[in-house]
file input38.tsv (TSV, C-alpha atoms)
chain	number	residue	atom	x	y	z
K	1	MET	CA	63.30	-59.43	73.46
K	2	VAL	CA	60.47	-59.65	70.95
K	3	GLN	CA	60.69	-57.56	67.80
K	4	ILE	CA	57.41	-56.70	66.12
K	5	PRO	CA	57.37	-57.04	63.17
K	6	GLU	CA	60.11	-59.62	63.01
K	7	LYS	CA	61.93	-57.87	60.14
K	8	THR	CA	61.45	-54.14	60.24
K	9	TRP	CA	62.66	-50.72	59.22
K	10	LEU	CA	60.99	-49.25	62.32
K	11	LYS	CA	63.44	-47.55	64.64
K	12	PHE	CA	63.54	-44.75	67.16
K	13	ASP	CA	65.91	-41.89	66.52
K	14	GLU	CA	68.90	-41.15	68.70
K	15	GLN	CA	67.59	-37.80	69.93
K	16	ARG	CA	66.51	-37.64	73.55
K	17	GLY	CA	62.85	-37.05	74.20
K	18	VAL	CA	59.49	-38.74	74.22
K	19	GLU	CA	58.59	-41.20	71.49
K	20	LYS	CA	55.02	-42.36	70.95
K	21	LEU	CA	54.18	-45.75	69.55
K	22	TRP	CA	50.52	-46.49	69.00
K	23	LEU	CA	49.20	-50.05	69.01
K	24	VAL	CA	45.54	-50.31	68.08
K	25	PHE	CA	43.61	-53.48	68.78
K	26	SER	CA	40.04	-54.09	67.68
K	27	GLU	CA	37.72	-57.08	67.40
K	28	SER	CA	36.59	-55.87	63.98
K	29	ALA	CA	38.01	-53.80	61.16
K	30	LEU	CA	38.15	-50.04	61.71
K	31	PRO	CA	37.34	-48.18	58.49
K	32	GLU	CA	39.17	-45.13	59.83
K	33	LEU	CA	42.41	-47.12	59.82
K	34	ASP	CA	42.00	-49.16	56.63
K	35	SER	CA	43.35	-46.36	54.44
K	36	LEU	CA	46.60	-46.38	56.43
K	37	LYS	CA	47.64	-49.78	55.09
K	38	GLN	CA	49.19	-48.08	52.07
K	39	PHE	CA	51.77	-46.46	54.37
K	40	ALA	CA	52.82	-49.69	56.10
K	41	GLY	CA	55.81	-50.49	53.96
K	42	THR	CA	59.37	-49.66	53.17
K	43	GLN	CA	58.52	-46.95	50.62
K	44	THR	CA	57.06	-44.44	53.12
K	45	ARG	CA	58.34	-46.21	56.25
K	46	GLY	CA	55.07	-45.53	58.03
K	47	LEU	CA	55.06	-41.82	57.27
K	48	ILE	CA	51.54	-40.69	56.41
K	49	THR	CA	52.24	-38.35	53.51
K	50	ASP	CA	48.65	-37.21	52.90
K	51	PRO	CA	48.01	-34.13	55.12
K	52	ALA	CA	44.24	-34.68	55.34
K	53	LEU	CA	44.68	-38.35	56.26
K	54	ASN	CA	47.40	-37.45	58.75
K	55	LYS	CA	45.03	-35.05	60.52
K	56	ALA	CA	42.19	-37.59	60.43
K	57	ILE	CA	44.26	-40.29	62.11
K	58	LYS	CA	45.61	-37.85	64.72
K	59	ASP	CA	42.01	-36.85	65.51
K	60	PHE	CA	40.97	-40.52	65.70
K	61	LEU	CA	43.81	-41.44	68.08
K	62	SER	CA	43.16	-38.38	70.21
K	63	ALA	CA	39.46	-39.15	70.47
K	64	HIS	CA	40.09	-42.78	71.47
K	65	SER	CA	43.07	-42.46	73.76
K	66	THR	CA	43.28	-42.24	77.52
K	67	ASN	CA	46.05	-41.39	79.92
K	68	LYS	CA	45.63	-44.67	81.76
K	69	PRO	CA	48.56	-47.09	81.52

call {"tool": "encode", "arguments": {"input": "input38.tsv", "output": "structure tokens"}}
result
Amino acid sequence: MVQIPEKTWLKFDEQRGVEKLWLVFSESALPELDSLKQFAGTQTRGLITDPALNKAIKDFLSAHSTNKP
């Protein structure tokens, strides 16, 4: 098993259902995602607390996602 990141607070809850984990790879920096770095820590635990930014990232992921595995 590989845990990414090696030491993490990331966990899935115990409720049954579908969980989504997004991994975004890019050859260059994506300005749309740069502002999310502030949420990548133990204080917010990845929760995007800014409603406008939350909507913007949901729109970005929706626009760039596919149903292909």

call {"tool": "residues_around", "arguments": {"input": "input38.tsv", "residues": "segment 28-35 of chain K", "least_positions_apart": "3", "cutoff": "9 Å", "atoms": "only C-alpha atoms", "output": "ChimeraX atom specification"}}
result
/K:25,38-39,53,56-57,60

call {"tool": "residues_around", "arguments": {"input": "input38.tsv", "residues": "Ser65 of chain K", "least_positions_apart": "4", "cutoff": "12 Å", "atoms": "only C-alpha atoms", "output": "PyMOL selection string"}}
result
chain K and resi 22-24+57-61+69

call {"tool": "atom_distance", "arguments": {"input": "input38.tsv", "atom1": "atom CA of Gly41 of chain K", "atom2": "atom CA of Thr66 of chain K"}}
result
27.9 Å

call {"tool": "closest_residue", "arguments": {"input": "input38.tsv", "among": "K:Arg16, K:His64, K:Lys55, K:Ile48", "to": "Leu36 of chain K", "atoms": "all atoms listed in the file"}}
result
K:Ile48

call {"tool": "build_atoms", "arguments": {"input": "input38.tsv", "residues": "segment 29-42 of chain K", "atoms": "N, CA and C atoms", "output": "CSV table (one decimal), in the coordinates of the input"}}
result
chain,number,residue,atom,x,y,z
K,29,ALA,N,37.3,-54.8,62.0
K,29,ALA,CA,38.0,-53.8,61.2
K,29,ALA,C,37.5,-52.4,61.5
K,30,LEU,N,38.5,-51.4,61.5
K,30,LEU,CA,38.2,-50.0,61.7
K,30,LEU,C,38.3,-49.3,60.4
K,31,PRO,N,37.2,-48.9,59.8
K,31,PRO,CA,37.3,-48.2,58.5
K,31,PRO,C,38.3,-47.0,58.5
K,32,GLU,N,38.3,-46.3,59.7
K,32,GLU,CA,39.2,-45.1,59.8
K,32,GLU,C,40.7,-45.5,59.6
K,33,LEU,N,41.0,-46.7,59.9
K,33,LEU,CA,42.4,-47.1,59.8
K,33,LEU,C,42.8,-47.9,58.5
K,34,ASP,N,41.7,-48.4,57.8
K,34,ASP,CA,42.0,-49.2,56.6
K,34,ASP,C,42.8,-48.4,55.6
K,35,SER,N,42.6,-47.1,55.5
K,35,SER,CA,43.4,-46.4,54.4
K,35,SER,C,44.8,-46.2,54.8
K,36,LEU,N,45.2,-46.5,56.0
K,36,LEU,CA,46.6,-46.4,56.4
K,36,LEU,C,47.5,-47.5,56.0
K,37,LYS,N,46.9,-48.6,55.5
K,37,LYS,CA,47.6,-49.8,55.1
K,37,LYS,C,48.6,-49.4,54.0
K,38,GLN,N,48.3,-48.5,53.2
K,38,GLN,CA,49.2,-48.1,52.1
K,38,GLN,C,50.5,-47.5,52.6
K,39,PHE,N,50.6,-47.1,53.8
K,39,PHE,CA,51.8,-46.5,54.4
K,39,PHE,C,52.6,-47.5,55.2
K,40,ALA,N,52.1,-48.7,55.3
K,40,ALA,CA,52.8,-49.7,56.1
K,40,ALA,C,53.8,-50.5,55.2
K,41,GLY,N,54.8,-49.8,54.8
K,41,GLY,CA,55.8,-50.5,54.0
K,41,GLY,C,57.1,-49.7,53.9
K,42,THR,N,58.0,-50.3,53.2
K,42,THR,CA,59.4,-49.7,53.2
K,42,THR,C,59.4,-48.4,52.3
